[in-house]
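Novice: Have a look at this one before I ask anything.
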Amino acid sequence: MQQTGKTRLELLDVGLIVAMLGLIGFGLASIYSATFGQQSGPLAQNFVRQVYWVGIGLVAFLITLSLNPKFFEASAYVFYGIVLLLLVAVLLVGHSGGGATRWLSIGGFRVQPSEWAKLATILALARFLADHKDAVNDKKNLAIAAAIGAAPMLLIFKQPDLGTSLVFLAIVPIMMFWAGVSPLTLFLAFLPGITALASFRVWSFFLVMFVLGVVLLLSRRGVFFSLLHVVLNIMVGIFTPYLWNSLEPYQQKRVMAFLGIVNDPRGISYQVIQSKVAIGSGGLFGKGFLHGTQTQLRFLPEQHTDFIFSVIGEEFGFIGGIIIILLFVFLLVRGVQIATSLKHQFYSLVAIGIIGLFLYHYFVNLGMVMGIMPVTGLPLPFVSYGGSFLLTSIISVALLLNFSMHRQEY
């Protein structure tokens with residue numbers, strides 16, 4: 001038993017831990033700078049709160065690392081069910097902020113169940129796909145797998161939180177593909193969502209339909225099958241305006257600003273403009289810690305949360321930004337390597353789901369602060385202010401490490 005413990009300890013990926021701690025360190029420094037000089041008000045205590053959450057997260061990290069990985073497989077559906085109940089509770093008795101109802105007060109802490117829903121969905125979907133690994137392409141199983149992702153997605157969309165709800169459109173197909181679902185099936189299943197976005201422009205809609213036609217032609221699945229999917233996507237394009245009208249006005253503005261339909265430098269585009277100014281003014285080495293003008297003069301809203309990378313770009317420069325990106329790339333690459341090496345289907349699916357989650361947040365957040373993606377309100381993992389997402393991110397890394405130490409188990 002002692003030798004087994006030593007063997008597993010030797011399998012612990014120290015590099016992954018160092019990358020996580022490096023990102024957390026950058027996050028704490030940037031949050032401190034973003035809230036520096038605030039003697040009172042909500043910003044004044046944010047750094048201290050984040051330090052508390054880091055401490056709680058590290059304790060949760062050690063607990064997660066020490067548990068038997070079979071525990072997470074056995075409790076996956078229970079955890080998922082609890083989170084769904086919390087999401088319903090948010091809609092009924094949740095606390096509002098920024099035009100949305102997203103938080104619950106539990107024991108003096110404000111908890112955001114939507115962040116826990118990401119990890120819970122990964123665990124539940126991994127459990128289901130692993131239990132049905134020999135029949136993942138069965139239509140009934142595909143429908144159930146999609147429903148596991150759709151339930152929290154719709155509840156979060158109702159808050160409303162469009163940015164977080166779209167995360168599930170990234171997690172679910174990645175995990176289904178990893179489980180062995182046909183690429184054609186995934187393409188046809190998620191194409192209506194792309195069609196809806198493409199419907200904002202006539203040329204992009206016809207481009208999607210052209211791609212669909214080519215794929216159906218190459219698949220040789222028959223005339224009825226092809227016509228069914230063509231008609232389905234045309235109907236999605238027609239009914240997209242009804243979905244559009246269900247969005248909140250600020251969400252519509254964000255999408256239109258991103259697509260270049262509206263130019264609103266004093267409104268929804270202001271954050272992006274100030275973010276690009278902050279990043280661009282940092283130069284190669286940055287203006288120095290606590291010396292960023294955009295940061296210290298509070299020109300950039302939400303600079304301690306969604307736009308924390310702008311603080312890093314201004315005060316630590318191109319070098320600081322590259323370090324952050326390299327740490328993320330290392331974390332993602334190591335995560336994929338771990339997912340590939342795991343022999344247990346459930347462990348491997350959870351690992352690839354976690355990497356898909358991090359990749360989506362990383363891609364969307366950096367694209368947002370640089371003005372090449374719409375402002376969706378997604379935080380940067382380990383770096384942005386926020387207890388719930390920081391805690392779930394730390395636990396997610398602990399799961400990767402836990403599973404990697406049991407990589408030979410079937």
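Within each chain, counting starts at residue 1; across the structure tokens, chains are named A, B, ... in the order shown, with ligands numbered 1 upward in that order.
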Write out as a PyMOL selection string which residues come within 8 Å of Phe382 of chain A when counting only C-alpha atoms, dropping same-chain ones fewer than 5 positions away.

Specialist: chain A and resi 20+23-24+27+389-390+393-394

Novice: Atoms to include: N, CA and C atoms. Write the selected residues as a compact mmCIF listing (two decimals), in the first residue's frame.

Specialist:
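Just written: out.txt:
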# COMPACT_ATOMS: atom_id res chain seq x y z
N MET A 20 -1.37 26.60 -12.55
CA MET A 20 -2.57 27.09 -11.87
C MET A 20 -2.22 28.17 -10.85
N LEU A 23 -1.27 31.48 -12.52
CA LEU A 23 -2.43 32.24 -12.97
C LEU A 23 -3.16 32.89 -11.80
N ILE A 24 -3.29 32.15 -10.70
CA ILE A 24 -3.93 32.72 -9.51
C ILE A 24 -3.13 33.90 -8.98
N GLY A 27 -3.71 36.83 -11.08
CA GLY A 27 -5.05 37.32 -10.82
C GLY A 27 -5.12 38.16 -9.56
N PHE A 389 -16.57 30.82 -9.53
CA PHE A 389 -15.84 30.30 -10.68
C PHE A 389 -14.40 29.93 -10.32
N LEU A 390 -13.78 30.72 -9.43
CA LEU A 390 -12.43 30.38 -8.98
C LEU A 390 -12.43 29.03 -8.28
N SER A 393 -12.99 26.20 -10.72
CA SER A 393 -11.81 26.04 -11.59
C SER A 393 -10.71 25.29 -10.85
N ILE A 394 -10.48 25.64 -9.59
CA ILE A 394 -9.45 24.96 -8.80
C ILE A 394 -9.82 23.49 -8.61

Novice: Hey, what does DSSP flag as alpha helix (DSSP H) within segment 17-250 of chain A? Can you give it to me as number ranges by chain?

Specialist: A: 17-34, 46-66, 69-74, 76-93, 113-131, 139-157, 162-165, 168-179, 183-198, 202-219, 223-245, 249-250

Novice: For Ala189 of chain A, work out the shell of residues within 10 Å, counting only C-alpha atoms and skipping chain neighbours fewer than 3 positions away, then give it as a list in words.

Specialist: Leu142, Ala146, Pro173, Pro183, Leu184, Thr185, Leu186, Pro192, Gly193 and His229 of chain A

Novice: Excluding Leu188 of chain A and residues on its chain fewer than 4 positions from it, collect all residues at most 12 Å away from it, counting only C-alpha atoms, and give them as a tab-separated table (two decimals) with N, CA and C atoms, in the first residue's frame.

Specialist:
chain	number	residue	atom	x	y	z
A	173	PRO	N	-20.82	19.20	-27.24
A	173	PRO	CA	-20.33	18.54	-28.46
A	173	PRO	C	-18.91	18.00	-28.33
A	181	VAL	N	-19.29	9.86	-30.70
A	181	VAL	CA	-20.44	10.24	-31.52
A	181	VAL	C	-19.94	10.67	-32.90
A	182	SER	N	-20.65	10.29	-33.93
A	182	SER	CA	-20.27	10.59	-35.32
A	182	SER	C	-20.11	12.09	-35.54
A	183	PRO	N	-19.01	12.52	-36.18
A	183	PRO	CA	-18.82	13.95	-36.48
A	183	PRO	C	-19.96	14.53	-37.32
A	184	LEU	N	-20.50	13.72	-38.25
A	184	LEU	CA	-21.63	14.19	-39.06
A	184	LEU	C	-22.84	14.45	-38.19
A	192	PRO	N	-27.94	24.17	-36.60
A	192	PRO	CA	-28.99	25.18	-36.46
A	192	PRO	C	-28.57	26.39	-35.62
A	193	GLY	N	-27.75	26.17	-34.60
A	193	GLY	CA	-27.26	27.31	-33.81
A	193	GLY	C	-26.39	28.23	-34.64
A	194	ILE	N	-25.52	27.64	-35.48
A	194	ILE	CA	-24.68	28.45	-36.37
A	194	ILE	C	-25.55	29.16	-37.40
A	195	THR	N	-26.55	28.46	-37.89
A	195	THR	CA	-27.48	29.05	-38.86
A	195	THR	C	-28.18	30.27	-38.27
A	208	VAL	N	-23.56	29.31	-45.04
A	208	VAL	CA	-23.83	28.15	-44.19
A	208	VAL	C	-24.64	27.11	-44.95
A	209	MET	N	-25.63	27.56	-45.69
A	209	MET	CA	-26.45	26.62	-46.45
A	209	MET	C	-25.63	25.92	-47.53
A	211	VAL	N	-22.36	25.25	-47.32
A	211	VAL	CA	-21.54	24.26	-46.60
A	211	VAL	C	-22.39	23.05	-46.24
A	212	LEU	N	-23.60	23.28	-45.78
A	212	LEU	CA	-24.51	22.19	-45.45
A	212	LEU	C	-24.76	21.31	-46.67
A	213	GLY	N	-25.00	21.95	-47.81
A	213	GLY	CA	-25.25	21.19	-49.04
A	213	GLY	C	-24.07	20.32	-49.43
A	215	VAL	N	-21.69	19.14	-47.41
A	215	VAL	CA	-21.54	18.05	-46.44
A	215	VAL	C	-22.57	16.96	-46.70
A	216	LEU	N	-23.82	17.34	-46.96
A	216	LEU	CA	-24.86	16.35	-47.22
A	216	LEU	C	-24.58	15.58	-48.51
A	219	SER	N	-21.87	13.11	-47.76
A	219	SER	CA	-22.28	12.06	-46.82
A	219	SER	C	-23.10	10.96	-47.49
A	225	PHE	N	-33.31	12.50	-46.23
A	225	PHE	CA	-32.46	12.92	-45.11
A	225	PHE	C	-31.89	14.32	-45.38
A	226	SER	N	-31.41	14.53	-46.58
A	226	SER	CA	-30.80	15.81	-46.93
A	226	SER	C	-31.82	16.94	-46.94
A	228	LEU	N	-34.59	17.07	-45.31
A	228	LEU	CA	-35.05	17.32	-43.95
A	228	LEU	C	-34.15	18.33	-43.25
A	229	HIS	N	-32.85	18.17	-43.37
A	229	HIS	CA	-31.92	19.07	-42.69
A	229	HIS	C	-31.84	20.43	-43.38
A	230	VAL	N	-32.00	20.47	-44.67
A	230	VAL	CA	-32.02	21.75	-45.37
A	230	VAL	C	-33.23	22.56	-44.94
A	232	LEU	N	-34.98	22.19	-42.18
A	232	LEU	CA	-34.82	22.53	-40.76
A	232	LEU	C	-34.01	23.80	-40.59
A	233	ASN	N	-32.90	23.91	-41.29
A	233	ASN	CA	-32.04	25.08	-41.13
A	233	ASN	C	-32.65	26.32	-41.78

Novice: When DSSP works through the backbone of this structure, what residues of segment 42-261 of chain A end up as strand (DSSP E), shown as a list of chain:residue names?

Specialist: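 Of segment 42-261 of chain A, only A:His95, A:Ser96, A:Gly97, A:Ala100, A:Thr101, A:Arg102, A:Trp103, A:Leu104, A:Ser105, A:Ile106, A:Phe109, A:Arg110, A:Val111 fall in strand (DSSP E).
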
Novice: Residues at most 7 Å from segment 275-292 of chain A, counting only C-alpha atoms, excluding those fewer than 2 positions away in the same chain, as a PDB file with C-alpha atoms, in the first residue's frame?

Specialist:
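Below you can see part_25.pdb, which holds the result:
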ATOM      1  CA  SER A  33      -4.255  46.903  -8.718  1.00  0.00           C
ATOM      2  CA  GLN A 271     -15.747  48.824 -22.568  1.00  0.00           C
ATOM      3  CA  VAL A 272     -14.090  47.323 -25.619  1.00  0.00           C
ATOM      4  CA  ILE A 273     -12.615  50.660 -26.715  1.00  0.00           C
ATOM      5  CA  GLN A 294      -6.609  53.369 -17.517  1.00  0.00           C
ATOM      6  CA  THR A 295      -6.660  51.042 -14.523  1.00  0.00           C
ATOM      7  CA  GLN A 296      -5.986  53.503 -11.713  1.00  0.00           C
ATOM      8  CA  LEU A 300     -12.489  50.648 -17.712  1.00  0.00           C
ATOM      9  CA  SER A 310      -6.734  44.616 -19.804  1.00  0.00           C
ATOM     10  CA  GLY A 313      -1.825  44.189 -20.586  1.00  0.00           C
ATOM     11  CA  GLU A 314      -1.481  47.772 -19.372  1.00  0.00           C
ATOM     12  CA  GLU A 315       0.635  47.219 -16.257  1.00  0.00           C
ATOM     13  CA  PHE A 316       2.660  44.134 -17.273  1.00  0.00           C
ATOM     14  CA  GLY A 317       2.731  44.775 -21.009  1.00  0.00           C
ATOM     15  CA  PHE A 318       3.094  42.346 -23.878  1.00  0.00           C
ATOM     16  CA  ILE A 319       5.444  40.189 -21.811  1.00  0.00           C
ATOM     17  CA  VAL A 369     -11.106  42.256 -24.285  1.00  0.00           C
ATOM     18  CA  MET A 370      -9.346  42.587 -27.659  1.00  0.00           C
TER      19      MET A 370
END

Novice: Between atom CA of Leu378 of chain A and atom CA of Phe205 of chain A, what is the distance, to one decimal in Å?

Specialist: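 Those two atoms sit 26.9 Å apart.
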
Novice: Looking at only C-alpha atoms, which of A:His132, A:His304, A:Arg221, A:Arg49 is the one that sits closest to Ala179 of chain A?

Specialist: A:His132

Novice: Hey, which of A:Leu327, A:Leu247, A:Val214, A:Ile312 ends up closest to Gly163 of chain A? Count only C-alpha atoms.

Specialist: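 Looking only at the distances to Gly163 of chain A, the closest residue turns out to be A:Leu247.
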
Novice: Write out as a tab-separated table (two decimals) with N, CA and C atoms, in the first residue's frame which residues come within 8 Å of Phe358 of chain A when counting only C-alpha atoms, dropping same-chain ones fewer than 3 positions away.

Specialist:
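Below is the file that was written, result_6.tsv:
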chain	number	residue	atom	x	y	z
A	332	LEU	N	-3.86	23.74	-20.92
A	332	LEU	CA	-4.75	23.08	-21.87
A	332	LEU	C	-4.07	21.86	-22.50
A	354	ILE	N	-13.55	19.37	-18.95
A	354	ILE	CA	-12.92	20.47	-18.21
A	354	ILE	C	-12.04	21.30	-19.14
A	355	ILE	N	-11.28	20.64	-20.00
A	355	ILE	CA	-10.42	21.37	-20.94
A	355	ILE	C	-11.28	22.16	-21.93
A	361	HIS	N	-13.75	29.54	-22.19
A	361	HIS	CA	-13.60	30.76	-21.40
A	361	HIS	C	-12.39	31.56	-21.85
A	362	TYR	N	-11.29	30.87	-22.06
A	362	TYR	CA	-10.03	31.51	-22.46
A	362	TYR	C	-10.19	32.20	-23.81
A	381	PRO	N	-10.43	32.27	-16.44
A	381	PRO	CA	-10.19	31.27	-15.39
A	381	PRO	C	-8.97	31.57	-14.53

Novice: Measuring atom to atom with only C-alpha atoms, identify which of A:Tyr360, A:Phe206, A:Tyr347, A:Phe224 is nearest to Asn402 of chain A.

Specialist: A:Tyr347

Novice: Tell me which of A:Ile56, A:Leu67, A:Leu129, A:Val48 sits closest to Leu349 of chain A, counting only C-alpha atoms.

Specialist: A:Leu129

Novice: Hey, can you check how far atom CA of Trp53 of chain A sits from atom CA of Leu391 of chain A?

Specialist: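 Atom CA of Leu391 of chain A lies at a distance of 7.0 Å from atom CA of Trp53 of chain A.
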
Novice: Which residues, written as a compact mmCIF listing (two decimals) with C-alpha atoms, in the first residue's frame, have at least one atom at most 10 Å from Gln408 of chain A, with only C-alpha atoms counted and residues fewer than 4 positions away on the same chain left out?

Specialist:
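Wrote it out as selection38.txt, contents follow:
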# COMPACT_ATOMS: atom_id res chain seq x y z
CA SER A 341 -3.77 8.83 -21.26
CA LEU A 342 -6.74 7.90 -19.05
CA LYS A 343 -8.08 4.39 -19.62
CA HIS A 344 -11.28 4.85 -17.62
CA PHE A 403 -7.66 11.14 -12.40
CA SER A 404 -4.11 11.31 -13.78

Novice: Identify which of the residues A:Leu28, A:Ala198, A:Ile174, A:Leu155 lies closest to Ala89 of chain A, counting only C-alpha atoms when measuring atom-to-atom distances.

Specialist: A:Leu155

Novice: I need the residue nearest Arg110 of chain A from this list: A:Val90, A:Val18, A:Ile122, A:Leu399. Use only C-alpha atoms for the distance.

Specialist: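 Between A:Val90, A:Val18, A:Ile122, A:Leu399, the residue approaching Arg110 of chain A most closely is A:Val90.
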